[in-house]
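Worksheet: one structure, shown below.
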Amino acid sequence: MIDDPYGDQQLVELYDLDNPSGEDHDYYRGLAEGSAKVLDFGCGTGLLTRSLAVPGRVVIGIDPSPTMLGYARRQPGADAVTWIDGDHGVVKPTGDVDLAVSSGNTMMHVAEHAAAVAALAAALRPGGVLAFESRNPAARAWEQWTSEATYGERDTVAGHLKEWLELIEIANGRVTFDAHNVFEDGRDAVYRNVLYFRSADEITADLLAAGFSDVVIEGGWHGEPLTADARLLVVRATKRYEG
């Protein structure tokens, strides 16, 4: 079992191919327009992070996976980003960040959600924005994560790969599953994921307690209304001005 979900170098090299830039990255880049300082929390391989690093802007990427961050540091354009290993505990309370983003459902991997959004609030200036997405628990995506439904085989730069998910436990919004990745030599790189499915109300409560206001939660990347069958919760909140 791999403690670091992306601790296998071969799998990290496939990550950007499996998770290319799309409308989610377009959304975050749009929010970053006019920002002088941007923090990407849970930046992973840094695909979005590097694209945020335009001239005249300070960009910080933070991630707890040494393997993913090592990959990020080796990519073209990486020198324009300050990379920091760690979780929300390493976020500095500078109070001068214009925008903090967290893409790829990163916040679902964070057990201490309230503490994480509080740390990001401390990094932001008053009027600064935090934006992230999370899966909508009402859509019950985990019901499709059976071995039969997720099994697949494909040819990759790492060779022929067999993949599937194995659901381990569902308890109080906490979903645990193993991702199996079997290489041609028979090696099965199994990594365990724990995702926290939080409702819009739960997310809003943590944000308000952390010092945010104007919490907006939409059902998609283009301002779609949040409905029970919406796949995503797209969250945006503004740090309150004091006084």
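The way I read the labels, and the way they are meant: chains A, B, ... in the order of the structure tokens, residue 1 as the first residue of every chain, and ligand 1 as the first ligand shown, with later ones counted on from there.
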
Inset, instruction - Determine, counting only C-alpha atoms, which protein, DNA and RNA residues have an atom within 10 Å of an atom of Thr82 of chain A; residues of the same chain fewer than 6 positions away are not included. Present the result as a PyMOL selection string. - result: chain A and resi 39+49+53+58-62+73

What does the file look like for those residues with all heavy atoms, as a PDB file, in the first residue's frame?
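The resulting file, part_12.pdb, is reproduced below:
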```pdb
ATOM      1  N   LEU A  39      -2.002  31.721  -4.678  1.00  0.00           N
ATOM      2  CA  LEU A  39      -1.569  30.510  -3.977  1.00  0.00           C
ATOM      3  C   LEU A  39      -2.391  29.339  -4.502  1.00  0.00           C
ATOM      4  O   LEU A  39      -3.626  29.391  -4.502  1.00  0.00           O
ATOM      5  CB  LEU A  39      -1.766  30.679  -2.475  1.00  0.00           C
ATOM      6  CG  LEU A  39      -1.195  29.607  -1.537  1.00  0.00           C
ATOM      7  CD1 LEU A  39      -0.988  30.184  -0.139  1.00  0.00           C
ATOM      8  CD2 LEU A  39      -2.130  28.392  -1.421  1.00  0.00           C
ATOM      9  N   THR A  49      -0.755  25.462 -11.896  1.00  0.00           N
ATOM     10  CA  THR A  49       0.101  26.424 -11.199  1.00  0.00           C
ATOM     11  C   THR A  49       1.016  27.167 -12.150  1.00  0.00           C
ATOM     12  O   THR A  49       1.140  28.393 -12.100  1.00  0.00           O
ATOM     13  CB  THR A  49       0.951  25.705 -10.140  1.00  0.00           C
ATOM     14  OG1 THR A  49       0.239  24.604  -9.598  1.00  0.00           O
ATOM     15  CG2 THR A  49       1.348  26.655  -9.029  1.00  0.00           C
ATOM     16  N   ALA A  53       1.449  31.473 -13.568  1.00  0.00           N
ATOM     17  CA  ALA A  53       2.661  32.268 -13.333  1.00  0.00           C
ATOM     18  C   ALA A  53       2.979  33.167 -14.520  1.00  0.00           C
ATOM     19  O   ALA A  53       3.946  32.952 -15.261  1.00  0.00           O
ATOM     20  CB  ALA A  53       3.833  31.342 -13.024  1.00  0.00           C
ATOM     21  N   VAL A  58       3.253  36.854  -8.481  1.00  0.00           N
ATOM     22  CA  VAL A  58       3.873  35.883  -7.581  1.00  0.00           C
ATOM     23  C   VAL A  58       2.941  34.687  -7.460  1.00  0.00           C
ATOM     24  O   VAL A  58       1.748  34.845  -7.161  1.00  0.00           O
ATOM     25  CB  VAL A  58       4.125  36.500  -6.185  1.00  0.00           C
ATOM     26  CG1 VAL A  58       4.633  35.444  -5.214  1.00  0.00           C
ATOM     27  CG2 VAL A  58       5.100  37.663  -6.294  1.00  0.00           C
ATOM     28  N   VAL A  59       3.465  33.493  -7.688  1.00  0.00           N
ATOM     29  CA  VAL A  59       2.656  32.270  -7.599  1.00  0.00           C
ATOM     30  C   VAL A  59       3.345  31.278  -6.680  1.00  0.00           C
ATOM     31  O   VAL A  59       4.548  31.020  -6.806  1.00  0.00           O
ATOM     32  CB  VAL A  59       2.434  31.636  -8.989  1.00  0.00           C
ATOM     33  CG1 VAL A  59       1.678  30.317  -8.862  1.00  0.00           C
ATOM     34  CG2 VAL A  59       1.664  32.588  -9.893  1.00  0.00           C
ATOM     35  N   ILE A  60       2.568  30.726  -5.742  1.00  0.00           N
ATOM     36  CA  ILE A  60       3.060  29.739  -4.779  1.00  0.00           C
ATOM     37  C   ILE A  60       2.271  28.452  -4.959  1.00  0.00           C
ATOM     38  O   ILE A  60       1.038  28.481  -5.008  1.00  0.00           O
ATOM     39  CB  ILE A  60       2.886  30.253  -3.334  1.00  0.00           C
ATOM     40  CG1 ILE A  60       3.677  31.550  -3.134  1.00  0.00           C
ATOM     41  CG2 ILE A  60       3.339  29.191  -2.328  1.00  0.00           C
ATOM     42  CD1 ILE A  60       3.327  32.267  -1.842  1.00  0.00           C
ATOM     43  N   GLY A  61       2.971  27.333  -5.053  1.00  0.00           N
ATOM     44  CA  GLY A  61       2.328  26.028  -5.141  1.00  0.00           C
ATOM     45  C   GLY A  61       2.667  25.194  -3.923  1.00  0.00           C
ATOM     46  O   GLY A  61       3.842  25.044  -3.580  1.00  0.00           O
ATOM     47  N   ILE A  62       1.639  24.652  -3.249  1.00  0.00           N
ATOM     48  CA  ILE A  62       1.829  23.843  -2.044  1.00  0.00           C
ATOM     49  C   ILE A  62       1.208  22.466  -2.256  1.00  0.00           C
ATOM     50  O   ILE A  62       0.076  22.361  -2.734  1.00  0.00           O
ATOM     51  CB  ILE A  62       1.172  24.519  -0.814  1.00  0.00           C
ATOM     52  CG1 ILE A  62       1.852  25.863  -0.519  1.00  0.00           C
ATOM     53  CG2 ILE A  62       1.234  23.613   0.413  1.00  0.00           C
ATOM     54  CD1 ILE A  62       1.210  26.632   0.620  1.00  0.00           C
ATOM     55  N   ARG A  73       8.559  20.458 -10.103  1.00  0.00           N
ATOM     56  CA  ARG A  73       9.773  21.284 -10.125  1.00  0.00           C
ATOM     57  C   ARG A  73      10.628  21.038 -11.369  1.00  0.00           C
ATOM     58  O   ARG A  73      11.471  21.868 -11.709  1.00  0.00           O
ATOM     59  CB  ARG A  73      10.605  21.014  -8.872  1.00  0.00           C
ATOM     60  CG  ARG A  73      10.002  21.565  -7.579  1.00  0.00           C
ATOM     61  CD  ARG A  73      10.943  21.314  -6.405  1.00  0.00           C
ATOM     62  NE  ARG A  73      10.522  21.997  -5.200  1.00  0.00           N
ATOM     63  CZ  ARG A  73      10.065  21.380  -4.098  1.00  0.00           C
ATOM     64  NH1 ARG A  73       9.965  20.054  -4.081  1.00  0.00           N
ATOM     65  NH2 ARG A  73       9.706  22.076  -3.046  1.00  0.00           N
TER      66      ARG A  73
END
```

Set the distance at 12 Å and use only C-alpha atoms: which residues neighbour segment 121-124 of chain A once local chain neighbours fewer than 3 positions away are removed? I'd like the list as a CSV table (one decimal) with N, CA, C and O atoms, in the first residue's frame.
```csv
chain,number,residue,atom,x,y,z
A,35,SER,N,-4.8,39.6,-10.4
A,35,SER,CA,-4.2,39.2,-9.1
A,35,SER,C,-2.7,39.3,-9.2
A,35,SER,O,-2.0,38.9,-10.2
A,36,ALA,N,-2.1,39.9,-8.2
A,36,ALA,CA,-0.6,40.0,-8.1
A,36,ALA,C,0.0,38.9,-7.4
A,36,ALA,O,1.2,38.6,-7.6
A,37,LYS,N,-0.8,38.2,-6.5
A,37,LYS,CA,-0.2,37.0,-5.8
A,37,LYS,C,-1.3,36.0,-5.7
A,37,LYS,O,-2.4,36.2,-5.2
A,38,VAL,N,-0.9,34.7,-6.1
A,38,VAL,CA,-1.8,33.6,-6.2
A,38,VAL,C,-1.2,32.4,-5.5
A,38,VAL,O,0.0,32.1,-5.6
A,39,LEU,N,-2.0,31.7,-4.7
A,39,LEU,CA,-1.6,30.5,-4.0
A,39,LEU,C,-2.4,29.3,-4.5
A,39,LEU,O,-3.6,29.4,-4.5
A,40,ASP,N,-1.7,28.3,-5.0
A,40,ASP,CA,-2.4,27.1,-5.4
A,40,ASP,C,-2.2,26.0,-4.4
A,40,ASP,O,-1.1,25.5,-4.2
A,41,PHE,N,-3.2,25.7,-3.6
A,41,PHE,CA,-3.2,24.7,-2.5
A,41,PHE,C,-3.5,23.3,-3.0
A,41,PHE,O,-4.6,23.1,-3.6
A,60,ILE,N,2.6,30.7,-5.7
A,60,ILE,CA,3.1,29.7,-4.8
A,60,ILE,C,2.3,28.5,-5.0
A,60,ILE,O,1.0,28.5,-5.0
A,88,HIS,N,-1.8,22.2,4.9
A,88,HIS,CA,-2.2,23.6,5.3
A,88,HIS,C,-1.4,24.1,6.4
A,88,HIS,O,-1.4,25.3,6.7
A,89,GLY,N,-0.7,23.2,7.1
A,89,GLY,CA,0.2,23.7,8.2
A,89,GLY,C,1.4,24.5,7.8
A,89,GLY,O,2.0,25.3,8.6
A,90,VAL,N,1.7,24.5,6.5
A,90,VAL,CA,2.8,25.3,6.0
A,90,VAL,C,2.4,26.6,5.3
A,90,VAL,O,3.2,27.4,4.8
A,91,VAL,N,1.1,26.8,5.2
A,91,VAL,CA,0.6,28.0,4.6
A,91,VAL,C,0.9,29.2,5.5
A,91,VAL,O,0.5,29.2,6.7
A,92,LYS,N,1.6,30.2,5.0
A,92,LYS,CA,2.0,31.3,5.8
A,92,LYS,C,0.9,32.4,5.9
A,92,LYS,O,0.3,32.7,4.9
A,93,PRO,N,0.7,32.9,7.1
A,93,PRO,CA,-0.4,33.9,7.3
A,93,PRO,C,0.0,35.3,6.9
A,93,PRO,O,0.0,36.2,7.8
A,94,THR,N,0.4,35.4,5.7
A,94,THR,CA,0.9,36.7,5.2
A,94,THR,C,-0.1,37.8,5.0
A,94,THR,O,0.2,39.0,5.1
A,95,GLY,N,-1.4,37.4,4.8
A,95,GLY,CA,-2.4,38.4,4.6
A,95,GLY,C,-2.3,39.2,3.4
A,95,GLY,O,-2.9,40.3,3.4
A,96,ASP,N,-1.6,38.7,2.4
A,96,ASP,CA,-1.4,39.5,1.2
A,96,ASP,C,-1.7,38.8,-0.1
A,96,ASP,O,-1.4,39.3,-1.2
A,97,VAL,N,-2.3,37.6,0.0
A,97,VAL,CA,-2.6,36.8,-1.2
A,97,VAL,C,-3.9,37.3,-1.8
A,97,VAL,O,-4.9,37.5,-1.1
A,98,ASP,N,-4.0,37.5,-3.1
A,98,ASP,CA,-5.2,38.0,-3.7
A,98,ASP,C,-6.2,36.9,-4.0
A,98,ASP,O,-7.4,37.0,-3.9
A,99,LEU,N,-5.6,35.7,-4.4
A,99,LEU,CA,-6.4,34.6,-4.8
A,99,LEU,C,-5.8,33.3,-4.3
A,99,LEU,O,-4.6,33.0,-4.5
A,100,ALA,N,-6.6,32.4,-3.7
A,100,ALA,CA,-6.1,31.1,-3.3
A,100,ALA,C,-7.1,30.1,-4.0
A,100,ALA,O,-8.3,30.2,-4.0
A,101,VAL,N,-6.5,29.1,-4.8
A,101,VAL,CA,-7.3,28.1,-5.5
A,101,VAL,C,-6.9,26.8,-5.0
A,101,VAL,O,-5.8,26.5,-4.5
A,114,ALA,N,-11.9,22.6,8.3
A,114,ALA,CA,-12.1,23.9,8.9
A,114,ALA,C,-10.7,24.5,9.1
A,114,ALA,O,-10.5,25.7,8.9
A,115,ALA,N,-9.7,23.7,9.6
A,115,ALA,CA,-8.4,24.3,9.8
A,115,ALA,C,-7.7,24.7,8.5
A,115,ALA,O,-7.0,25.7,8.4
A,116,ALA,N,-8.0,24.0,7.4
A,116,ALA,CA,-7.4,24.3,6.1
A,116,ALA,C,-7.9,25.6,5.6
A,116,ALA,O,-7.2,26.5,5.1
A,117,VAL,N,-9.3,25.8,5.6
A,117,VAL,CA,-9.8,27.1,5.1
A,117,VAL,C,-9.4,28.2,6.0
A,117,VAL,O,-9.3,29.4,5.5
A,118,ALA,N,-9.2,28.0,7.3
A,118,ALA,CA,-8.8,29.1,8.2
A,118,ALA,C,-7.4,29.5,7.8
A,118,ALA,O,-7.0,30.7,7.9
A,127,GLY,N,-10.8,41.0,1.3
A,127,GLY,CA,-11.3,41.1,-0.1
A,127,GLY,C,-10.7,40.1,-1.0
A,127,GLY,O,-11.2,39.9,-2.2
A,128,GLY,N,-9.7,39.3,-0.6
A,128,GLY,CA,-9.1,38.2,-1.4
A,128,GLY,C,-10.1,37.1,-1.5
A,128,GLY,O,-11.0,36.9,-0.7
A,129,VAL,N,-9.9,36.2,-2.5
A,129,VAL,CA,-10.9,35.2,-2.8
A,129,VAL,C,-10.3,33.8,-2.7
A,129,VAL,O,-9.1,33.6,-3.1
A,130,LEU,N,-11.1,32.9,-2.1
A,130,LEU,CA,-10.7,31.4,-2.1
A,130,LEU,C,-11.7,30.7,-3.0
A,130,LEU,O,-12.9,31.0,-3.0
A,131,ALA,N,-11.2,29.9,-3.9
A,131,ALA,CA,-12.0,29.1,-4.8
A,131,ALA,C,-11.6,27.7,-4.9
A,131,ALA,O,-10.4,27.4,-5.0
A,206,ASP,N,-18.0,26.2,7.5
A,206,ASP,CA,-16.5,26.3,7.8
A,206,ASP,C,-15.9,27.6,7.2
A,206,ASP,O,-15.1,28.2,7.8
A,207,LEU,N,-16.4,28.0,6.0
A,207,LEU,CA,-15.9,29.2,5.4
A,207,LEU,C,-16.3,30.4,6.2
A,207,LEU,O,-15.5,31.3,6.5
A,208,LEU,N,-17.5,30.5,6.7
A,208,LEU,CA,-18.0,31.6,7.5
A,208,LEU,C,-17.2,31.7,8.8
A,208,LEU,O,-16.8,32.8,9.2
A,209,ALA,N,-17.0,30.5,9.4
A,209,ALA,CA,-16.3,30.5,10.7
A,209,ALA,C,-14.8,30.9,10.5
A,209,ALA,O,-14.2,31.5,11.4
A,210,ALA,N,-14.3,30.7,9.3
A,210,ALA,CA,-12.9,31.1,9.0
A,210,ALA,C,-12.7,32.5,8.7
A,210,ALA,O,-11.5,33.0,8.5
A,211,GLY,N,-13.8,33.3,8.5
A,211,GLY,CA,-13.7,34.7,8.2
A,211,GLY,C,-14.0,35.1,6.8
A,211,GLY,O,-13.6,36.2,6.4
A,212,PHE,N,-14.7,34.2,6.1
A,212,PHE,CA,-15.1,34.5,4.8
A,212,PHE,C,-16.6,35.0,4.7
A,212,PHE,O,-17.4,34.8,5.7
A,213,SER,N,-16.9,35.7,3.7
A,213,SER,CA,-18.3,36.2,3.4
A,213,SER,C,-18.6,36.0,2.0
A,213,SER,O,-17.7,35.5,1.2
A,237,ALA,N,-15.5,32.2,-2.2
A,237,ALA,CA,-15.7,33.0,-1.0
A,237,ALA,C,-14.7,34.1,-0.9
A,237,ALA,O,-13.6,34.0,-1.4
A,238,THR,N,-15.2,35.2,-0.3
A,238,THR,CA,-14.4,36.4,-0.2
A,238,THR,C,-14.0,36.6,1.3
A,238,THR,O,-14.9,36.5,2.2
A,239,LYS,N,-12.7,36.9,1.6
A,239,LYS,CA,-12.3,37.2,3.0
A,239,LYS,C,-12.9,38.5,3.4
A,239,LYS,O,-12.8,39.5,2.7
A,240,ARG,N,-13.5,38.5,4.6
A,240,ARG,CA,-14.2,39.7,5.1
A,240,ARG,C,-13.2,40.8,5.5
A,240,ARG,O,-12.1,40.5,5.9
A,241,TYR,N,-13.7,42.0,5.3
A,241,TYR,CA,-12.9,43.1,5.8
A,241,TYR,C,-13.2,43.3,7.3
A,241,TYR,O,-14.4,43.1,7.7
```

Inset, instruction - Considering only C-alpha atoms, state which residue in the set A:Gly30, A:Pro20, A:Gly56, A:Gly173 is at the smallest distance from Pro137 of chain A. - result: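 Result for the nearest residue to Pro137 of chain A: A:Gly173.
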
Legend entry - Selected residue, from A:Asp18, A:Glu33, A:Glu133, A:Asp85, that lies nearest to Ala200 of chain A when counting only C-alpha atoms: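 Looking only at the distances to Ala200 of chain A, the closest residue turns out to be A:Glu133.
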
Legend entry - segment 184-196 of chain A environment, 12 Å, only C-alpha atoms, sequence neighbours closer than 4 positions dropped, as number ranges by chain: A: 1-12, 105-113, 134-137, 141-142, 153-180, 202-203

Inset, instruction - Give me every strand (DSSP E or B) residue in segment 10-100 of chain A, going by DSSP on the backbone, as an MDAnalysis selection string. - result: chainID A and resid 37:41 58:63 82:85 97:100

Inset, instruction - Using atom CA of Ser199 of chain A and atom CA of Leu31 of chain A as the two end points, give the distance in Å to one decimal. - result: 23.3 Å
